[in-house]
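Worksheet for the structure shown next.
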Amino acid sequence: MDVLGISGSPSSPSKTVLAVEIALRRAAEHDGVTAELLDLRDRDLVFSDGRDPGDYTGDTRAAIDRVVAADALVVGTPMYRGGYTGRLKNLFDLLPNDALAGKPVGLVATGGTDHHYLALEHELKPIVGFFRAWAVPGAVYANNTHFSAGELVDDGVRARLVDLADTVVTFARRMPRGAAGAAAPDIPRKSAGEA
Ligand SMILES: Cc1cc2nc3c(=O)[nH]c(=O)nc-3n(C[C@H](O)[C@H](O)[C@H](O)COP(=O)(O)O)c2cc1C
């Protein structure tokens, strides 16, 4: 099983990356699971222009293909203005409609304070729903006091990240990808050069 972590943070170092990596390391402890991070701060993605996802090239093509290949995901973002980052939104806009269909997604968010905790519910779960993916129970939120000297130091948040990884792996093992409702609708897109 291929578990892909995604971080939508543009920052380096990144608290979001630290958190997602904890979940990925846990996922990789399961038999037959490989885990890898797609860190959007390292990728030179073009801005989505509405073309057919198959027409993108270069780093953008590679990132799209990487997401499509994943069996399960852990998606993390810092809170920016009460929602996920523009970088992550751009990745979502670049993906084919069926890129995540039927896949479990563990959600992770970091914020300066707990003020935007519910953005996990109101901002991130709806986009998982759009893609006909499964937002698994136990989304994890961490605030800046949970980090110190480049480490996630809060045991409760660490434990929740471990649980989240276990849930993603369990879900991917037990829920068939083609389960009812997972087929994506056919929404037409422009081809290259088409008005
Ligand atoms: C442009 C910008 C907007 C932000 N907006 C919010 C916000 O609305 N709510 C919040 O709790 N934190 C906000 N923050 C703080 C970050 O979400 C927080 O520090 C986060 O842990 C940074 O994660 P990173 O290190 O992975 O980039 C904002 C930070 C920046 C730079």
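For the structure tokens, the naming scheme is as follows: chains receive sequential letters (A, B, ...) according to their order of presentation, residues are indexed from 1 within each chain, and ligands are indexed from 1 in presentation order.
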
Hey, could you make a per-residue contact list for chain A against ligand 1 with 10 Å as the cut-off, showing the nearest pair of atoms and its distance in Å to one decimal, counting only C-alpha atoms and all ligand atoms, sorted by chain and number, as a Markdown table?
| residue | atom | partner | partner_atom_place_in_ligand_line | distance |
| --- | --- | --- | --- | --- |
| A:Ser7 | CA | ligand 1 | 26 (O) | 7.6 |
| A:Gly8 | CA | ligand 1 | 26 (O) | 7.6 |
| A:Ser9 | CA | ligand 1 | 27 (O) | 4.6 |
| A:Pro10 | CA | ligand 1 | 27 (O) | 6.0 |
| A:Ser11 | CA | ligand 1 | 27 (O) | 4.6 |
| A:Ser12 | CA | ligand 1 | 25 (O) | 6.9 |
| A:Pro13 | CA | ligand 1 | 25 (O) | 6.2 |
| A:Ser14 | CA | ligand 1 | 25 (O) | 3.4 |
| A:Lys15 | CA | ligand 1 | 25 (O) | 3.8 |
| A:Thr16 | CA | ligand 1 | 26 (O) | 3.6 |
| A:Val17 | CA | ligand 1 | 26 (O) | 5.9 |
| A:Leu18 | CA | ligand 1 | 26 (O) | 7.8 |
| A:Ala19 | CA | ligand 1 | 26 (O) | 8.5 |
| A:Val20 | CA | ligand 1 | 26 (O) | 9.6 |
| A:Arg41 | CA | ligand 1 | 27 (O) | 9.7 |
| A:Gly76 | CA | ligand 1 | 26 (O) | 8.3 |
| A:Thr77 | CA | ligand 1 | 26 (O) | 6.6 |
| A:Pro78 | CA | ligand 1 | 17 (O) | 4.2 |
| A:Met79 | CA | ligand 1 | 17 (O) | 3.9 |
| A:Tyr80 | CA | ligand 1 | 5 (N) | 3.4 |
| A:Arg81 | CA | ligand 1 | 8 (O) | 3.3 |
| A:Gly82 | CA | ligand 1 | 8 (O) | 3.7 |
| A:Gly83 | CA | ligand 1 | 8 (O) | 6.6 |
| A:Tyr84 | CA | ligand 1 | 17 (O) | 8.8 |
| A:Thr85 | CA | ligand 1 | 3 (C) | 8.3 |
| A:Gly86 | CA | ligand 1 | 1 (C) | 9.8 |
| A:Ala109 | CA | ligand 1 | 21 (O) | 7.8 |
| A:Thr110 | CA | ligand 1 | 21 (O) | 4.3 |
| A:Gly111 | CA | ligand 1 | 11 (O) | 3.5 |
| A:Gly112 | CA | ligand 1 | 12 (N) | 3.8 |
| A:Thr113 | CA | ligand 1 | 11 (O) | 4.5 |
| A:Asp114 | CA | ligand 1 | 11 (O) | 6.0 |
| A:His115 | CA | ligand 1 | 11 (O) | 5.6 |
| A:His116 | CA | ligand 1 | 11 (O) | 5.3 |
| A:Tyr117 | CA | ligand 1 | 11 (O) | 7.7 |
| A:Ala119 | CA | ligand 1 | 9 (N) | 9.2 |
| A:Tyr141 | CA | ligand 1 | 21 (O) | 9.5 |
| A:Ala142 | CA | ligand 1 | 21 (O) | 7.3 |
| A:Asn143 | CA | ligand 1 | 21 (O) | 6.1 |
| A:Asn144 | CA | ligand 1 | 21 (O) | 5.6 |
| A:Thr145 | CA | ligand 1 | 21 (O) | 9.3 |
| A:His146 | CA | ligand 1 | 21 (O) | 9.4 |
| A:Phe147 | CA | ligand 1 | 21 (O) | 8.7 |
| A:Gly150 | CA | ligand 1 | 25 (O) | 9.6 |

Generate the output file for the selected residues, N, CA and C atoms, as a compact mmCIF listing (two decimals), in the first residue's frame.
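Result saved to selection_14.txt:
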# COMPACT_ATOMS: atom_id res chain seq x y z
N SER A 7 2.10 18.05 2.09
CA SER A 7 2.13 19.26 2.92
C SER A 7 1.91 20.47 2.04
N GLY A 8 0.94 21.28 2.42
CA GLY A 8 0.62 22.51 1.67
C GLY A 8 1.33 23.73 2.21
N SER A 9 2.33 23.54 3.08
CA SER A 9 3.02 24.71 3.63
C SER A 9 4.08 25.23 2.67
N PRO A 10 4.17 26.55 2.53
CA PRO A 10 5.28 27.10 1.74
C PRO A 10 6.53 27.35 2.58
N SER A 11 6.45 27.11 3.90
CA SER A 11 7.54 27.51 4.81
C SER A 11 8.59 26.43 4.98
N SER A 12 9.79 26.88 5.33
CA SER A 12 10.86 25.97 5.67
C SER A 12 11.67 26.58 6.82
N PRO A 13 11.76 25.92 7.97
CA PRO A 13 11.14 24.64 8.29
C PRO A 13 9.63 24.78 8.43
N SER A 14 8.94 23.65 8.47
CA SER A 14 7.48 23.66 8.49
C SER A 14 6.94 22.76 9.59
N LYS A 15 6.07 23.33 10.42
CA LYS A 15 5.43 22.53 11.47
C LYS A 15 4.50 21.49 10.85
N THR A 16 3.88 21.87 9.76
CA THR A 16 2.98 20.94 9.08
C THR A 16 3.74 19.71 8.59
N VAL A 17 4.92 19.95 8.01
CA VAL A 17 5.74 18.82 7.55
C VAL A 17 6.09 17.91 8.72
N LEU A 18 6.49 18.52 9.85
CA LEU A 18 6.83 17.70 11.04
C LEU A 18 5.66 16.80 11.41
N ALA A 19 4.46 17.38 11.43
CA ALA A 19 3.28 16.62 11.85
C ALA A 19 2.95 15.52 10.84
N VAL A 20 2.95 15.85 9.58
CA VAL A 20 2.61 14.85 8.55
C VAL A 20 3.65 13.72 8.55
N ARG A 41 6.31 22.77 -0.98
CA ARG A 41 7.29 23.87 -1.00
C ARG A 41 8.47 23.51 -1.90
N GLY A 76 -1.82 17.56 4.89
CA GLY A 76 -1.60 18.56 5.94
C GLY A 76 -1.46 19.95 5.37
N THR A 77 -1.93 20.90 6.16
CA THR A 77 -1.81 22.30 5.75
C THR A 77 -1.71 23.20 6.97
N PRO A 78 -0.94 24.27 6.87
CA PRO A 78 -1.10 25.31 7.88
C PRO A 78 -2.42 26.05 7.63
N MET A 79 -2.99 26.59 8.69
CA MET A 79 -4.12 27.49 8.50
C MET A 79 -3.61 28.81 7.95
N TYR A 80 -4.17 29.22 6.86
CA TYR A 80 -3.89 30.55 6.31
C TYR A 80 -5.23 31.26 6.16
N ARG A 81 -5.39 32.35 6.92
CA ARG A 81 -6.64 33.12 6.85
C ARG A 81 -7.86 32.24 7.09
N GLY A 82 -7.71 31.32 8.02
CA GLY A 82 -8.86 30.50 8.39
C GLY A 82 -9.14 29.34 7.46
N GLY A 83 -8.24 29.04 6.54
CA GLY A 83 -8.47 27.93 5.62
C GLY A 83 -7.15 27.29 5.23
N TYR A 84 -7.18 26.40 4.23
CA TYR A 84 -5.94 25.78 3.77
C TYR A 84 -5.20 26.74 2.83
N THR A 85 -3.94 26.45 2.60
CA THR A 85 -3.11 27.40 1.84
C THR A 85 -3.50 27.42 0.35
N GLY A 86 -3.13 28.50 -0.29
CA GLY A 86 -3.33 28.61 -1.73
C GLY A 86 -2.56 27.54 -2.48
N ALA A 109 -3.96 19.70 10.30
CA ALA A 109 -3.80 21.15 10.14
C ALA A 109 -3.00 21.71 11.30
N THR A 110 -2.21 22.72 11.01
CA THR A 110 -1.50 23.44 12.06
C THR A 110 -1.92 24.90 11.99
N GLY A 111 -1.98 25.53 13.16
CA GLY A 111 -2.36 26.94 13.19
C GLY A 111 -1.64 27.65 14.32
N GLY A 112 -1.59 28.96 14.26
CA GLY A 112 -0.95 29.73 15.32
C GLY A 112 -1.62 29.46 16.66
N THR A 113 -2.94 29.39 16.67
CA THR A 113 -3.72 29.11 17.87
C THR A 113 -4.77 28.06 17.51
N ASP A 114 -5.65 27.75 18.47
CA ASP A 114 -6.74 26.79 18.18
C ASP A 114 -7.94 27.48 17.51
N HIS A 115 -7.78 28.76 17.25
CA HIS A 115 -8.92 29.55 16.77
C HIS A 115 -9.57 28.94 15.53
N HIS A 116 -8.80 28.32 14.67
CA HIS A 116 -9.35 27.81 13.41
C HIS A 116 -9.44 26.29 13.34
N TYR A 117 -9.54 25.68 14.49
CA TYR A 117 -9.65 24.22 14.56
C TYR A 117 -10.76 23.68 13.65
N ALA A 119 -11.84 24.63 10.96
CA ALA A 119 -11.59 24.69 9.51
C ALA A 119 -11.34 23.29 8.94
N TYR A 141 -5.31 18.52 14.69
CA TYR A 141 -4.98 19.95 14.65
C TYR A 141 -3.90 20.21 15.70
N ALA A 142 -2.87 20.96 15.32
CA ALA A 142 -1.81 21.33 16.26
C ALA A 142 -1.62 22.84 16.21
N ASN A 143 -1.43 23.44 17.38
CA ASN A 143 -1.13 24.89 17.39
C ASN A 143 0.35 25.11 17.70
N ASN A 144 0.76 26.36 17.63
CA ASN A 144 2.19 26.65 17.73
C ASN A 144 2.80 26.27 19.09
N THR A 145 1.97 26.19 20.15
CA THR A 145 2.53 25.81 21.46
C THR A 145 2.86 24.31 21.50
N HIS A 146 2.40 23.57 20.52
CA HIS A 146 2.70 22.13 20.49
C HIS A 146 4.08 21.84 19.88
N PHE A 147 4.75 22.88 19.43
CA PHE A 147 6.07 22.72 18.79
C PHE A 147 7.11 23.51 19.58
N GLY A 150 11.95 23.04 16.69
CA GLY A 150 11.90 22.17 15.52
C GLY A 150 11.34 20.79 15.77

Strand (DSSP E) call set, DSSP backbone run, chain A, as a PyMOL selection string:
chain A and resi 2-7+34-39+72-78+104-111+134-135+140-143+147-148+151-152

For the selection just defined, write its residues with C-alpha atoms to a file, as an mmCIF file, in the first residue's frame.
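Final output, saved to again.cif:
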data_model
loop_
_atom_site.group_PDB
_atom_site.id
_atom_site.type_symbol
_atom_site.label_atom_id
_atom_site.label_comp_id
_atom_site.auth_asym_id
_atom_site.auth_seq_id
_atom_site.Cartn_x
_atom_site.Cartn_y
_atom_site.Cartn_z
ATOM 1 C CA ASP A 2 1.272 3.407 -1.011
ATOM 2 C CA VAL A 3 0.467 6.130 1.546
ATOM 3 C CA LEU A 4 1.225 9.627 0.307
ATOM 4 C CA GLY A 5 1.615 12.576 2.636
ATOM 5 C CA ILE A 6 1.045 16.045 1.244
ATOM 6 C CA SER A 7 2.135 19.261 2.915
ATOM 7 C CA THR A 34 5.320 2.466 1.998
ATOM 8 C CA ALA A 35 4.976 6.136 2.847
ATOM 9 C CA GLU A 36 6.346 9.211 1.133
ATOM 10 C CA LEU A 37 5.906 12.978 1.456
ATOM 11 C CA LEU A 38 4.908 15.257 -1.400
ATOM 12 C CA ASP A 39 6.123 18.575 -0.017
ATOM 13 C CA ALA A 72 -4.246 6.536 0.693
ATOM 14 C CA LEU A 73 -3.286 10.028 1.798
ATOM 15 C CA VAL A 74 -2.378 12.163 4.772
ATOM 16 C CA VAL A 75 -3.003 15.774 3.779
ATOM 17 C CA GLY A 76 -1.598 18.558 5.936
ATOM 18 C CA THR A 77 -1.807 22.302 5.749
ATOM 19 C CA PRO A 78 -1.105 25.309 7.881
ATOM 20 C CA PRO A 104 -8.990 7.342 2.599
ATOM 21 C CA VAL A 105 -7.588 10.742 3.546
ATOM 22 C CA GLY A 106 -6.251 11.652 6.967
ATOM 23 C CA LEU A 107 -6.385 15.387 7.566
ATOM 24 C CA VAL A 108 -3.820 17.409 9.526
ATOM 25 C CA ALA A 109 -3.804 21.150 10.139
ATOM 26 C CA THR A 110 -1.502 23.441 12.062
ATOM 27 C CA GLY A 111 -2.356 26.942 13.188
ATOM 28 C CA TRP A 134 -13.138 9.327 2.576
ATOM 29 C CA ALA A 135 -12.089 11.780 5.274
ATOM 30 C CA VAL A 140 -5.522 16.272 13.841
ATOM 31 C CA TYR A 141 -4.976 19.945 14.651
ATOM 32 C CA ALA A 142 -1.814 21.332 16.262
ATOM 33 C CA ASN A 143 -1.129 24.886 17.387
ATOM 34 C CA PHE A 147 6.069 22.721 18.792
ATOM 35 C CA SER A 148 9.435 23.701 20.244
ATOM 36 C CA GLU A 151 10.035 19.302 17.211
ATOM 37 C CA LEU A 152 6.410 18.437 17.844
#

Pick from A:Ala99, A:Val136, A:Ala28, A:Leu45, whichever lies nearest to Leu120 (chain A) using only C-alpha atoms
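Of A:Ala99, A:Val136, A:Ala28, A:Leu45, the one nearest Leu120 (chain A), counting only C-alpha atoms, is A:Val136.
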
With only C-alpha atoms as the atoms that count, which of A:Asp166, A:Glu21, A:Asp93, A:Glu121 lies nearest to Ile64 (chain A)?
A:Asp93

Which residues in region 57-124 of chain A does DSSP call helix (DSSP H, G or I)? List them as number ranges by chain.
A: 58-69, 86-94, 114-116, 119-124

Output of the above residues as a JSON list (two decimals), in the first residue's frame, restricted to N, CA and C atoms:
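Full text of part.json as output:
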[["chain", "number", "residue", "atom", "x", "y", "z"],
["A", 58, "GLY", "N", 6.07, 18.48, -16.79],
["A", 58, "GLY", "CA", 7.13, 18.80, -15.82],
["A", 58, "GLY", "C", 6.76, 18.44, -14.40],
["A", 59, "ASP", "N", 7.15, 19.33, -13.45],
["A", 59, "ASP", "CA", 6.90, 19.10, -12.02],
["A", 59, "ASP", "C", 5.41, 18.96, -11.74],
["A", 60, "THR", "N", 4.62, 19.71, -12.47],
["A", 60, "THR", "CA", 3.17, 19.67, -12.27],
["A", 60, "THR", "C", 2.64, 18.29, -12.64],
["A", 61, "ARG", "N", 3.08, 17.78, -13.78],
["A", 61, "ARG", "CA", 2.68, 16.44, -14.23],
["A", 61, "ARG", "C", 3.08, 15.39, -13.19],
["A", 62, "ALA", "N", 4.34, 15.52, -12.71],
["A", 62, "ALA", "CA", 4.86, 14.53, -11.75],
["A", 62, "ALA", "C", 4.04, 14.55, -10.46],
["A", 63, "ALA", "N", 3.67, 15.74, -10.00],
["A", 63, "ALA", "CA", 2.89, 15.83, -8.75],
["A", 63, "ALA", "C", 1.50, 15.24, -8.94],
["A", 64, "ILE", "N", 0.87, 15.55, -10.05],
["A", 64, "ILE", "CA", -0.46, 14.98, -10.33],
["A", 64, "ILE", "C", -0.37, 13.46, -10.35],
["A", 65, "ASP", "N", 0.60, 12.94, -11.09],
["A", 65, "ASP", "CA", 0.74, 11.48, -11.22],
["A", 65, "ASP", "C", 1.01, 10.83, -9.87],
["A", 66, "ARG", "N", 1.79, 11.53, -9.04],
["A", 66, "ARG", "CA", 2.12, 10.97, -7.72],
["A", 66, "ARG", "C", 0.86, 10.83, -6.86],
["A", 67, "VAL", "N", 0.01, 11.83, -6.92],
["A", 67, "VAL", "CA", -1.24, 11.77, -6.13],
["A", 67, "VAL", "C", -2.15, 10.67, -6.69],
["A", 68, "VAL", "N", -2.26, 10.61, -8.00],
["A", 68, "VAL", "CA", -3.13, 9.60, -8.62],
["A", 68, "VAL", "C", -2.67, 8.19, -8.25],
["A", 69, "ALA", "N", -1.34, 8.00, -8.14],
["A", 69, "ALA", "CA", -0.80, 6.66, -7.85],
["A", 69, "ALA", "C", -1.04, 6.22, -6.41],
["A", 86, "GLY", "N", -3.13, 28.50, -0.29],
["A", 86, "GLY", "CA", -3.33, 28.61, -1.73],
["A", 86, "GLY", "C", -2.56, 27.54, -2.48],
["A", 87, "ARG", "N", -1.39, 27.18, -1.95],
["A", 87, "ARG", "CA", -0.59, 26.13, -2.59],
["A", 87, "ARG", "C", -1.36, 24.81, -2.64],
["A", 88, "LEU", "N", -2.02, 24.47, -1.54],
["A", 88, "LEU", "CA", -2.78, 23.22, -1.51],
["A", 88, "LEU", "C", -4.01, 23.33, -2.41],
["A", 89, "LYS", "N", -4.65, 24.48, -2.38],
["A", 89, "LYS", "CA", -5.82, 24.67, -3.26],
["A", 89, "LYS", "C", -5.41, 24.51, -4.72],
["A", 90, "ASN", "N", -4.23, 25.03, -5.06],
["A", 90, "ASN", "CA", -3.77, 24.91, -6.44],
["A", 90, "ASN", "C", -3.58, 23.44, -6.82],
["A", 91, "LEU", "N", -2.99, 22.66, -5.90],
["A", 91, "LEU", "CA", -2.85, 21.23, -6.20],
["A", 91, "LEU", "C", -4.23, 20.60, -6.43],
["A", 92, "PHE", "N", -5.18, 20.90, -5.57],
["A", 92, "PHE", "CA", -6.52, 20.35, -5.74],
["A", 92, "PHE", "C", -7.09, 20.74, -7.11],
["A", 93, "ASP", "N", -6.84, 21.97, -7.52],
["A", 93, "ASP", "CA", -7.38, 22.44, -8.81],
["A", 93, "ASP", "C", -6.71, 21.75, -10.00],
["A", 94, "LEU", "N", -5.47, 21.29, -9.79],
["A", 94, "LEU", "CA", -4.73, 20.64, -10.88],
["A", 94, "LEU", "C", -5.13, 19.17, -11.07],
["A", 114, "ASP", "N", -5.65, 27.75, 18.47],
["A", 114, "ASP", "CA", -6.74, 26.79, 18.18],
["A", 114, "ASP", "C", -7.94, 27.48, 17.51],
["A", 115, "HIS", "N", -7.78, 28.76, 17.25],
["A", 115, "HIS", "CA", -8.92, 29.55, 16.77],
["A", 115, "HIS", "C", -9.57, 28.94, 15.53],
["A", 116, "HIS", "N", -8.80, 28.32, 14.67],
["A", 116, "HIS", "CA", -9.35, 27.81, 13.41],
["A", 116, "HIS", "C", -9.44, 26.29, 13.34],
["A", 119, "ALA", "N", -11.84, 24.63, 10.96],
["A", 119, "ALA", "CA", -11.59, 24.69, 9.51],
["A", 119, "ALA", "C", -11.34, 23.29, 8.94],
["A", 120, "LEU", "N", -10.89, 22.38, 9.81],
["A", 120, "LEU", "CA", -10.77, 20.98, 9.35],
["A", 120, "LEU", "C", -12.12, 20.49, 8.86],
["A", 121, "GLU", "N", -13.17, 20.85, 9.59],
["A", 121, "GLU", "CA", -14.52, 20.39, 9.22],
["A", 121, "GLU", "C", -15.10, 21.20, 8.06],
["A", 122, "HIS", "N", -14.90, 22.52, 8.12],
["A", 122, "HIS", "CA", -15.62, 23.39, 7.19],
["A", 122, "HIS", "C", -14.87, 23.67, 5.89],
["A", 123, "GLU", "N", -13.54, 23.52, 5.92],
["A", 123, "GLU", "CA", -12.73, 23.82, 4.75],
["A", 123, "GLU", "C", -12.18, 22.55, 4.10],
["A", 124, "LEU", "N", -11.61, 21.69, 4.93],
["A", 124, "LEU", "CA", -10.90, 20.53, 4.35],
["A", 124, "LEU", "C", -11.83, 19.35, 4.06]]

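Pairwise distance (CA of Ala70 (chain A), CA of Asp52 (chain A)) equals 20.2 Å.
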
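As for CA of Glu29 (chain A) and CA of Leu161 (chain A), they are spaced 13.4 Å apart.
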
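Compared by their closest atoms to Gly54 (chain A), and using only C-alpha atoms, the residues A:Gly181, A:Gly102, A:Pro137, A:Pro96 rank with A:Pro96 nearest.
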
Could you tell me how far CA of Gly129 (chain A) sits from CA of Asp98 (chain A), in Å to one decimal place?
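The value is 11.5 Å.
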
Need to verify the contact set: His30 (chain A), 12 Å, only C-alpha atoms, exclusion of same-chain residues closer than 2 positions in sequence. Can you return it as a PDB file with N, CA and C atoms, in the first residue's frame?
ATOM      1  N   MET A   1       0.842  -1.193   0.000  1.00  0.00           N
ATOM      2  CA  MET A   1       0.000   0.000   0.000  1.00  0.00           C
ATOM      3  C   MET A   1       0.882   1.250   0.000  1.00  0.00           C
ATOM      4  N   ASP A   2       0.505   2.169  -0.828  1.00  0.00           N
ATOM      5  CA  ASP A   2       1.272   3.407  -1.011  1.00  0.00           C
ATOM      6  C   ASP A   2       0.535   4.560  -0.324  1.00  0.00           C
ATOM      7  N   VAL A   3       1.074   5.007   0.823  1.00  0.00           N
ATOM      8  CA  VAL A   3       0.467   6.130   1.546  1.00  0.00           C
ATOM      9  C   VAL A   3       1.264   7.395   1.209  1.00  0.00           C
ATOM     10  N   ALA A  23       2.947  11.048  11.101  1.00  0.00           N
ATOM     11  CA  ALA A  23       1.900  10.117  10.630  1.00  0.00           C
ATOM     12  C   ALA A  23       2.461   9.157   9.581  1.00  0.00           C
ATOM     13  N   LEU A  24       3.310   9.675   8.690  1.00  0.00           N
ATOM     14  CA  LEU A  24       3.857   8.811   7.636  1.00  0.00           C
ATOM     15  C   LEU A  24       4.787   7.746   8.205  1.00  0.00           C
ATOM     16  N   ARG A  25       5.602   8.158   9.188  1.00  0.00           N
ATOM     17  CA  ARG A  25       6.514   7.165   9.799  1.00  0.00           C
ATOM     18  C   ARG A  25       5.700   6.045  10.444  1.00  0.00           C
ATOM     19  N   ARG A  26       4.592   6.420  11.090  1.00  0.00           N
ATOM     20  CA  ARG A  26       3.733   5.403  11.702  1.00  0.00           C
ATOM     21  C   ARG A  26       3.104   4.507  10.634  1.00  0.00           C
ATOM     22  N   ALA A  27       2.606   5.118   9.577  1.00  0.00           N
ATOM     23  CA  ALA A  27       1.971   4.314   8.526  1.00  0.00           C
ATOM     24  C   ALA A  27       2.958   3.276   7.994  1.00  0.00           C
ATOM     25  N   ALA A  28       4.221   3.692   7.836  1.00  0.00           N
ATOM     26  CA  ALA A  28       5.230   2.802   7.254  1.00  0.00           C
ATOM     27  C   ALA A  28       5.613   1.659   8.187  1.00  0.00           C
ATOM     28  N   GLY A  32       3.742  -4.078   4.640  1.00  0.00           N
ATOM     29  CA  GLY A  32       3.333  -3.845   3.258  1.00  0.00           C
ATOM     30  C   GLY A  32       2.983  -2.402   2.939  1.00  0.00           C
ATOM     31  N   VAL A  33       3.317  -1.476   3.840  1.00  0.00           N
ATOM     32  CA  VAL A  33       2.991  -0.064   3.593  1.00  0.00           C
ATOM     33  C   VAL A  33       4.271   0.721   3.313  1.00  0.00           C
ATOM     34  N   THR A  34       4.259   1.493   2.229  1.00  0.00           N
ATOM     35  CA  THR A  34       5.320   2.466   1.998  1.00  0.00           C
ATOM     36  C   THR A  34       4.706   3.850   2.139  1.00  0.00           C
ATOM     37  N   ALA A  35       5.497   4.789   2.619  1.00  0.00           N
ATOM     38  CA  ALA A  35       4.976   6.136   2.847  1.00  0.00           C
ATOM     39  C   ALA A  35       5.989   7.155   2.360  1.00  0.00           C
ATOM     40  N   VAL A 162      -0.530   9.320  15.332  1.00  0.00           N
ATOM     41  CA  VAL A 162      -0.329   7.865  15.218  1.00  0.00           C
ATOM     42  C   VAL A 162      -1.676   7.188  14.962  1.00  0.00           C
ATOM     43  N   ALA A 165      -2.802   7.783  11.392  1.00  0.00           N
ATOM     44  CA  ALA A 165      -2.097   6.930  10.425  1.00  0.00           C
ATOM     45  C   ALA A 165      -2.658   5.510  10.460  1.00  0.00           C
ATOM     46  N   ASP A 166      -2.890   4.992  11.658  1.00  0.00           N
ATOM     47  CA  ASP A 166      -3.446   3.634  11.786  1.00  0.00           C
ATOM     48  C   ASP A 166      -4.824   3.562  11.130  1.00  0.00           C
ATOM     49  N   THR A 167      -5.614   4.602  11.317  1.00  0.00           N
ATOM     50  CA  THR A 167      -6.965   4.610  10.746  1.00  0.00           C
ATOM     51  C   THR A 167      -6.920   4.645   9.225  1.00  0.00           C
ATOM     52  N   VAL A 168      -6.017   5.454   8.675  1.00  0.00           N
ATOM     53  CA  VAL A 168      -5.886   5.539   7.210  1.00  0.00           C
ATOM     54  C   VAL A 168      -5.515   4.167   6.638  1.00  0.00           C
ATOM     55  N   VAL A 169      -4.546   3.521   7.276  1.00  0.00           N
ATOM     56  CA  VAL A 169      -4.096   2.210   6.770  1.00  0.00           C
ATOM     57  C   VAL A 169      -5.218   1.179   6.913  1.00  0.00           C
ATOM     58  N   THR A 170      -5.876   1.153   8.064  1.00  0.00           N
ATOM     59  CA  THR A 170      -6.970   0.199   8.276  1.00  0.00           C
ATOM     60  C   THR A 170      -8.076   0.416   7.255  1.00  0.00           C
ATOM     61  N   ARG A 173      -7.194  -0.783   3.803  1.00  0.00           N
ATOM     62  CA  ARG A 173      -7.191  -2.249   3.702  1.00  0.00           C
ATOM     63  C   ARG A 173      -8.604  -2.794   3.592  1.00  0.00           C
TER      64      ARG A 173
END
